[in-house]
Structures are given as structure tokens and as C-alpha cells.
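Asker: File my_file27.cif below, mmCIF, C-alpha atoms and all ligand atoms:
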```
data_run
loop_
_atom_site.label_atom_id
_atom_site.label_comp_id
_atom_site.auth_asym_id
_atom_site.auth_seq_id
_atom_site.Cartn_x
_atom_site.Cartn_y
_atom_site.Cartn_z
CA MET A 21 10.08 -114.90 -79.89
CA ILE A 22 10.85 -111.31 -78.91
CA LYS A 23 11.04 -108.69 -81.66
CA SER A 24 14.61 -107.43 -82.19
CA LYS A 25 15.63 -104.59 -79.88
CA PHE A 26 18.01 -101.64 -79.80
CA ILE A 27 20.07 -101.67 -76.59
CA VAL A 28 22.42 -98.81 -75.70
CA ILE A 29 25.25 -98.66 -73.17
CA GLU A 30 26.14 -95.25 -71.78
CA GLY A 31 28.59 -93.79 -69.30
CA LEU A 32 31.79 -91.82 -68.87
CA GLU A 33 35.13 -93.15 -70.13
CA GLY A 34 36.38 -96.04 -68.08
CA ALA A 35 32.85 -96.87 -66.93
CA GLY A 36 33.26 -100.36 -68.39
CA LYS A 37 31.13 -100.16 -71.54
CA THR A 38 33.27 -102.71 -73.37
CA ASN A 39 32.80 -105.22 -70.57
CA ALA A 40 29.06 -104.45 -70.39
CA SER A 41 28.66 -105.00 -74.10
CA ILE A 42 30.23 -108.49 -73.84
CA CYS A 43 28.07 -109.30 -70.81
CA ILE A 44 24.84 -108.23 -72.55
CA GLN A 45 25.76 -110.22 -75.65
CA HIS A 46 26.39 -113.38 -73.58
CA THR A 47 23.17 -112.92 -71.62
CA LEU A 48 21.12 -112.56 -74.81
CA LYS A 49 22.75 -115.70 -76.24
CA GLU A 50 21.84 -117.66 -73.10
CA TYR A 51 18.30 -116.58 -73.86
CA ASN A 52 18.67 -118.04 -77.32
CA ILE A 53 18.93 -114.64 -79.01
CA LYS A 54 21.77 -115.21 -81.43
CA ASN A 55 21.33 -112.60 -84.12
CA ILE A 56 23.22 -109.72 -82.52
CA MET A 57 25.20 -106.79 -83.92
CA LEU A 58 27.61 -104.60 -81.91
CA VAL A 59 28.21 -100.98 -82.95
CA ARG A 60 29.92 -97.96 -81.43
CA GLN A 61 29.25 -94.22 -81.64
CA PRO A 62 30.67 -92.27 -83.21
CA GLY A 63 31.65 -94.93 -85.73
CA SER A 64 30.75 -98.33 -87.21
CA THR A 65 30.32 -97.25 -90.85
CA PRO A 66 33.23 -96.15 -93.09
CA ILE A 67 32.09 -92.52 -93.06
CA ALA A 68 31.25 -92.49 -89.34
CA GLU A 69 34.68 -93.99 -88.54
CA LYS A 70 36.32 -91.11 -90.44
CA ILE A 71 34.25 -88.64 -88.40
CA ARG A 72 35.31 -90.52 -85.22
CA LYS A 73 38.99 -90.02 -86.10
CA LEU A 74 38.40 -86.36 -86.84
CA ILE A 75 36.66 -85.81 -83.51
CA LYS A 76 39.04 -87.81 -81.33
CA ASN A 77 42.47 -87.08 -82.78
CA ASN A 78 42.69 -83.54 -84.04
CA PHE A 79 44.17 -81.62 -81.14
CA HIS A 80 46.43 -79.40 -83.14
CA ILE A 81 44.67 -78.18 -86.31
CA GLU A 82 42.32 -75.75 -84.55
CA ASP A 83 39.81 -75.76 -81.68
CA PHE A 84 36.42 -77.27 -82.41
CA VAL A 85 33.49 -74.90 -82.05
CA LYS A 86 31.11 -76.74 -79.70
CA GLU A 87 28.27 -76.73 -82.24
CA THR A 88 30.64 -78.24 -84.84
CA GLU A 89 31.41 -81.06 -82.41
CA LEU A 90 27.69 -81.65 -81.83
CA LEU A 91 26.89 -81.68 -85.55
CA LEU A 92 29.71 -84.13 -86.26
CA MET A 93 28.39 -86.47 -83.55
CA TYR A 94 24.97 -86.28 -85.18
CA ALA A 95 26.34 -86.73 -88.70
CA ALA A 96 28.03 -89.96 -87.57
CA ARG A 97 24.90 -91.07 -85.69
CA ILE A 98 22.50 -90.45 -88.57
CA GLN A 99 24.81 -92.31 -90.95
CA LEU A 100 24.92 -95.30 -88.58
CA VAL A 101 21.23 -95.35 -87.67
CA LYS A 102 19.97 -95.05 -91.26
CA LYS A 103 22.56 -97.25 -92.95
CA ILE A 104 23.06 -99.97 -90.35
CA ILE A 105 20.90 -99.94 -87.21
CA GLN A 106 17.40 -99.48 -88.64
CA PRO A 107 17.93 -101.98 -91.51
CA ALA A 108 19.36 -104.51 -89.02
CA LEU A 109 16.39 -104.17 -86.66
CA LYS A 110 14.03 -104.65 -89.62
CA LYS A 111 15.83 -107.92 -90.46
CA GLY A 112 15.36 -109.19 -86.88
CA ILE A 113 18.91 -108.47 -85.73
CA TRP A 114 19.39 -107.16 -82.18
CA VAL A 115 21.68 -104.14 -81.96
CA ILE A 116 23.89 -103.24 -78.99
CA SER A 117 25.39 -99.76 -79.29
CA ASP A 118 28.29 -98.39 -77.27
CA ARG A 119 26.77 -94.88 -76.80
CA HIS A 120 23.87 -93.07 -78.54
CA ASP A 121 22.14 -89.70 -78.21
CA LEU A 122 22.29 -89.56 -74.39
CA SER A 123 26.05 -89.05 -74.91
CA SER A 124 25.38 -85.87 -76.90
CA LEU A 125 23.06 -84.54 -74.18
CA ALA A 126 25.69 -85.34 -71.53
CA TYR A 127 28.94 -84.27 -73.28
CA GLN A 128 27.89 -81.50 -75.67
CA GLY A 129 24.90 -80.47 -73.51
CA GLY A 130 26.06 -80.86 -69.89
CA GLY A 131 29.80 -80.67 -70.55
CA LEU A 132 29.98 -77.98 -73.24
CA GLY A 133 26.80 -76.12 -72.35
CA ILE A 134 24.73 -76.46 -75.55
CA LYS A 135 21.03 -76.10 -74.75
CA LYS A 136 19.15 -79.38 -74.29
CA LYS A 137 16.21 -78.03 -76.31
CA LEU A 138 18.48 -77.43 -79.31
CA ILE A 139 20.01 -80.94 -79.10
CA ASN A 140 16.55 -82.50 -78.87
CA GLN A 141 15.38 -80.46 -81.86
CA LEU A 142 18.35 -81.72 -83.87
CA LYS A 143 17.59 -85.28 -82.84
CA TYR A 144 13.91 -84.98 -83.76
CA LEU A 145 14.68 -83.29 -87.07
CA PHE A 146 16.61 -86.30 -88.38
CA LEU A 147 15.76 -89.32 -86.23
CA LYS A 148 12.16 -88.50 -85.25
CA ASP A 149 11.02 -90.80 -82.45
CA PHE A 150 13.69 -93.46 -82.98
CA ILE A 151 14.83 -94.25 -79.42
CA PRO A 152 16.56 -97.18 -77.69
CA ASP A 153 14.39 -99.98 -76.27
CA LEU A 154 16.74 -100.13 -73.30
CA THR A 155 19.68 -98.06 -72.08
CA ILE A 156 22.16 -99.38 -69.52
CA TYR A 157 23.80 -96.37 -67.89
CA LEU A 158 27.05 -97.22 -66.07
CA ASP A 159 27.50 -94.60 -63.41
CA VAL A 160 31.13 -93.96 -62.50
CA TYR A 161 32.80 -91.07 -60.68
CA PRO A 162 34.94 -89.20 -63.25
CA GLU A 163 38.02 -89.52 -61.02
CA ILE A 164 37.71 -93.32 -61.11
CA GLY A 165 36.74 -93.64 -64.79
CA LEU A 166 39.53 -91.37 -66.05
CA LYS A 167 42.10 -93.24 -63.97
CA ARG A 168 40.98 -96.53 -65.56
CA ALA A 169 40.96 -94.99 -69.06
CA SER A 170 44.44 -93.48 -68.67
CA LYS A 171 45.88 -96.85 -67.61
CA ARG A 172 44.46 -98.43 -70.75
CA SER A 173 45.79 -96.09 -73.46
CA LYS A 174 46.81 -92.55 -74.41
CA LEU A 175 44.02 -90.05 -73.76
CA ASP A 176 42.23 -88.61 -76.82
CA ARG A 177 41.13 -85.00 -77.46
CA ILE A 178 37.91 -85.22 -75.43
CA GLU A 179 39.51 -87.25 -72.63
CA HIS A 180 42.01 -84.39 -72.17
CA ARG A 181 39.27 -82.07 -70.93
CA SER A 182 39.13 -80.93 -67.31
CA LEU A 183 37.73 -82.91 -64.42
CA ASN A 184 35.07 -80.22 -64.12
CA PHE A 185 33.93 -80.97 -67.69
CA PHE A 186 33.44 -84.65 -66.78
CA LYS A 187 31.67 -83.74 -63.52
CA LYS A 188 29.18 -81.64 -65.51
CA THR A 189 28.83 -84.46 -68.04
CA ARG A 190 28.01 -86.97 -65.28
CA GLU A 191 25.51 -84.56 -63.67
CA SER A 192 23.77 -84.23 -67.02
CA TYR A 193 23.61 -88.02 -67.43
CA LEU A 194 22.06 -88.34 -63.95
CA LYS A 195 19.50 -85.60 -64.64
CA ASN A 196 18.50 -86.97 -68.03
CA ILE A 197 18.14 -90.61 -67.02
CA LYS A 198 15.72 -89.62 -64.24
CA LEU A 199 13.26 -88.67 -66.97
CA ASP A 200 13.73 -91.89 -68.92
CA LYS A 201 11.84 -95.00 -67.85
CA LYS A 202 13.78 -97.14 -70.34
CA THR A 203 17.14 -96.54 -68.65
CA ILE A 204 18.64 -98.75 -65.94
CA LYS A 205 21.38 -97.25 -63.78
CA ILE A 206 24.22 -99.52 -62.65
CA ASN A 207 26.84 -98.54 -60.07
CA ALA A 208 30.04 -98.96 -62.11
CA ASN A 209 32.40 -97.88 -59.32
CA LEU A 210 32.24 -101.37 -57.86
CA ASP A 211 34.40 -104.40 -58.57
CA ILE A 212 34.11 -105.49 -62.20
CA GLN A 213 32.66 -108.92 -61.28
CA ILE A 214 29.88 -107.35 -59.21
CA VAL A 215 29.12 -104.84 -61.99
CA THR A 216 28.93 -107.66 -64.56
CA GLN A 217 26.62 -109.69 -62.31
CA ASN A 218 24.33 -106.69 -61.79
CA ILE A 219 24.12 -105.99 -65.53
CA LYS A 220 23.30 -109.63 -66.21
CA SER A 221 20.52 -109.78 -63.64
CA GLN A 222 18.98 -106.51 -64.90
CA ILE A 223 19.03 -107.76 -68.51
CA LEU A 224 17.41 -111.05 -67.47
CA LYS A 225 14.68 -109.20 -65.55
CA TRP A 226 14.05 -106.95 -68.56
CA LEU A 227 13.89 -109.92 -70.94
CA GLU A 228 11.41 -111.70 -68.65
CA LYS A 229 9.12 -108.65 -68.85
CA LYS A 230 9.35 -108.62 -72.65
CA ILE A 231 8.14 -112.22 -72.84
CA VAL A 232 5.13 -111.94 -70.50
N1 LIG B 1 31.13 -88.57 -77.47
C1 LIG B 1 30.52 -87.34 -77.33
O1 LIG B 1 31.14 -86.40 -76.82
N2 LIG B 1 29.25 -87.17 -77.79
C2 LIG B 1 28.54 -88.15 -78.40
O2 LIG B 1 27.39 -87.95 -78.82
C3 LIG B 1 29.19 -89.44 -78.54
C4 LIG B 1 30.48 -89.60 -78.07
C5 LIG B 1 28.48 -90.56 -79.20
C6 LIG B 1 34.11 -91.69 -77.87
O3 LIG B 1 35.32 -92.25 -77.62
C7 LIG B 1 34.22 -90.27 -77.37
O4 LIG B 1 33.21 -89.48 -77.97
C8 LIG B 1 33.97 -90.22 -75.88
C9 LIG B 1 32.64 -89.50 -75.72
C10 LIG B 1 32.51 -88.75 -76.99
N3 LIG B 1 34.99 -89.42 -75.34
N4 LIG B 1 35.42 -89.17 -74.32
N5 LIG B 1 36.08 -88.75 -73.53
P1 LIG B 1 35.51 -93.73 -77.13
O5 LIG B 1 34.41 -94.58 -77.67
O6 LIG B 1 36.90 -94.15 -77.43
O7 LIG B 1 35.49 -93.47 -75.59
P2 LIG B 1 34.70 -94.17 -74.50
O8 LIG B 1 33.37 -94.54 -74.96
O9 LIG B 1 34.73 -93.24 -73.39
O10 LIG B 1 35.53 -95.53 -74.31
P3 LIG B 1 36.34 -96.07 -73.10
O11 LIG B 1 37.27 -95.12 -72.45
O12 LIG B 1 36.96 -97.26 -73.68
O13 LIG B 1 35.27 -96.38 -72.02
P4 LIG B 1 34.69 -97.80 -71.62
O14 LIG B 1 34.42 -98.61 -72.88
O15 LIG B 1 33.52 -97.55 -70.76
O16 LIG B 1 35.82 -98.43 -70.80
P5 LIG B 1 36.41 -99.89 -70.90
O17 LIG B 1 37.34 -100.02 -72.07
O18 LIG B 1 35.33 -100.89 -70.79
O19 LIG B 1 37.22 -99.90 -69.56
C11 LIG B 1 38.38 -99.13 -69.41
C12 LIG B 1 39.35 -99.87 -68.47
O20 LIG B 1 38.78 -99.98 -67.17
C13 LIG B 1 39.66 -101.29 -68.94
O21 LIG B 1 40.99 -101.57 -68.67
C14 LIG B 1 38.74 -102.15 -68.04
O22 LIG B 1 39.25 -103.43 -67.81
C15 LIG B 1 38.72 -101.33 -66.76
N6 LIG B 1 37.48 -101.51 -65.98
C16 LIG B 1 36.22 -101.52 -66.47
N7 LIG B 1 35.33 -101.69 -65.45
C17 LIG B 1 36.07 -101.78 -64.32
C18 LIG B 1 35.73 -101.97 -62.94
N8 LIG B 1 34.45 -102.07 -62.53
N9 LIG B 1 36.73 -102.01 -62.04
C19 LIG B 1 38.03 -101.88 -62.45
N10 LIG B 1 38.42 -101.71 -63.72
C20 LIG B 1 37.44 -101.67 -64.66
#
```
Represent the structure contained in this file as C-alpha cells.
Answerer:
Amino acid sequence: MIKSKFIVIEGLEGAGKTNASICIQHTLKEYNIKNIMLVRQPGSTPIAEKIRKLIKNNFHIEDFVKETELLLMYAARIQLVKKIIQPALKKGIWVISDRHDLSSLAYQGGGLGIKKKLINQLKYLFLKDFIPDLTIYLDVYPEIGLKRASKRSKLDRIEHRSLNFFKKTRESYLKNIKLDKKTIKINANLDIQIVTQNIKSQILKWLEKKIV
């Protein structure tokens, strides 16, 4: 038996996080891990879903100050971690999260220019050393990811930002994952079947290591 784990999927829009989440879930089930919960950030509690709507949809009320955007992301995250994720892990439930704090470092840090030190201080203040056991980072060129996302549905407030914003966001992801031994990078520009196969084999390798 492996103790329940917190697995995070990260990447730009259109990277294929939805597909990755299904793939990870199936791979865990093949391994006889059946107690699994899927969550998304921001969101997945009633309050966090309200914050999600506020962040994604309000183009026209007024511009968000970048620090306000960061604090709202953290408010939603703290609500989800304390109310849902940590209690689930304690009960032996595995949690797969579509995004976590690497998103704040990439979007509000890299994209909007808030200092990394400040974001890390905020994280430590409320979540201490609570970190994912594994992060799957799906690396996609913004041009490709945004094209996929725009085919799927109307773009939201953040998705309307410039290509340069998303280039800076990706650069920040790449810089930050270099420092993190618990992150696996997957080339998400490739055909969806190849990406899925690569995620599956990386998850299986990781699970093997957890058992030994
Ligand atoms: N945000 C933030 O700024 N700071 C934070 O701390 C957090 C979040 C936590 C959340 O919105 C927004 O909040 C997000 C970041 C910000 N905003 N932006 N921009 P969201 O959850 O709605 O947005 P998202 O996470 O970016 O979701 P997404 O666009 O749905 O991305 P995805 O889940 O990775 O994409 P997908 O639905 O899996 O795939 C999109 C389409 O591409 C779909 O039709 C797939 O079939 C297709 N696809 C996927 N992979 C492939 C490949 N390999 N080839 C071809 N087609 C593919």
C-alpha cells in the first residue's frame, strides 16, 4: 500500500490538463488505487468556485490590481487545501489537482511581474511546507495552446492577455520547475496520443519508485 498522494497538473491553457487528469486517474486505477479525488484551481469548493467566476469573468467592472488577483488565487487555494485536500489525504484519498501554486508563480509572478519572494512568503504564511508529491508540467508553446483553447470555447479574462504575457508565463514555469525535483516535464506540443502515453509511462515509473 502506498500512502495517499497529492498530484498536480500544470501548464498553459490548451496544454491538455483535462486529458492528463483522466490519464493519471486511469493509470492509478490500473495500479489498484481507487480512492481518488479530482479538483481544480481556482475552484472546487462553493466559495472557491465563486472566486473562480470573479477572476475569470469580470472584464468590465474594473481592472484587477495584480496583487488583488494573486490574493484571490491564494484565497481560493487556501479554502480548497484546508477544507478539502488535506482532510482527503488524511482519509487515504489520492488527490489530483488541475493547477496549484506553481500557477501563481508562473501567471502572477512571471506574467504579471510580482516578485517570486513575495509569492513564496504568502504561500509559506498560510500553507507552510504543504507541497505536491508530484507535479506533471505539460509544456506547450503559447501559440499552440491558445489556438487549442480558442477552438474549445470563448476566451476568459486571463486568456485574453497578450501572447507576450503567456511567453513570460511559460518562461517562469520552465525556470521554476528546474529547481523542483518533484516535477516531471512532458512535451505537450506533440500528438495527444503520444502525450498521453508519455504521461502514463512517467506515472508508472514514479509509482514503481514509491513501492520499492
Ligand atoms: N490561474 C492563475 O493565473 N493563477 C493561479 O494561481 C491559478 C490559475 C490556480 C484557470 O482557468 C485560469 O486561472 C487560467 C490560469 C489562471 N487562466 N488562463 N488563462 P481554467 O482552469 O479554465 O483554464 P485552464 O487551466 O487554462 O484550462 P484549459 O484551457 O481548459 O486548459 P487545459 O485543461 O490544459 O486544456 P484542455 O481542455 O485539456 O485542452 C484544450 C483543447 O485542446 C481540447 O479541445 C483538447 O482536446 C485539445 N488538446 C489537448 N491536448 C492536445 C494535443 N496534444 N494535441 C491536440 N489537441 C489537444
Asker: Given the choices A:Glu228, A:Asp176, A:Lys201, A:Ile139, which gets closest to Ile75 (chain A) if the distance is worked out from only C-alpha atoms?
Answerer: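 Selected residue with least distance to Ile75 (chain A): A:Asp176.
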Asker: Wanna dump the region 61-166 of chain A-region 215-227 of chain A contacts at 9 Å for me, each residue with its shortest atom pair and the distance in Å to one decimal, counting all atoms listed in the file, ordered by chain and number, as a Markdown table?
Answerer:
```
| residue | atom | partner | partner_atom | distance |
| --- | --- | --- | --- | --- |
| A:Leu154 | CA | A:Trp226 | CA | 8.7 |
| A:Ile156 | CA | A:Ile219 | CA | 8.0 |
| A:Leu158 | CA | A:Val215 | CA | 8.9 |
```
Asker: Can you write just those residues out, C-alpha atoms, as a PDB file, in the coordinates of the input?
Answerer:
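Output file again.pdb is given in full below:
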```
ATOM      1  CA  LEU A 154      16.740-100.130 -73.300  1.00  0.00           C
ATOM      2  CA  ILE A 156      22.160 -99.380 -69.520  1.00  0.00           C
ATOM      3  CA  LEU A 158      27.050 -97.220 -66.070  1.00  0.00           C
TER       4      LEU A 158
END
```
Asker: Nearest residue to Leu210 (chain A) out of A:Leu142, A:Leu122, A:Leu92, A:Ile164, using only C-alpha atoms?
Answerer: A:Ile164
Asker: CA of Leu91 (chain A) and CA of Glu191 (chain A), how far apart in Å?
Answerer: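 For CA of Glu191 (chain A) relative to CA of Leu91 (chain A), the distance reads 22.1 Å.
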Asker: A:Val85, A:Ile113, A:Pro162, A:Phe146: which is nearest Ile134 (chain A), counting all atoms listed in the file?
Answerer: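 Selected residue with least distance to Ile134 (chain A): A:Val85.
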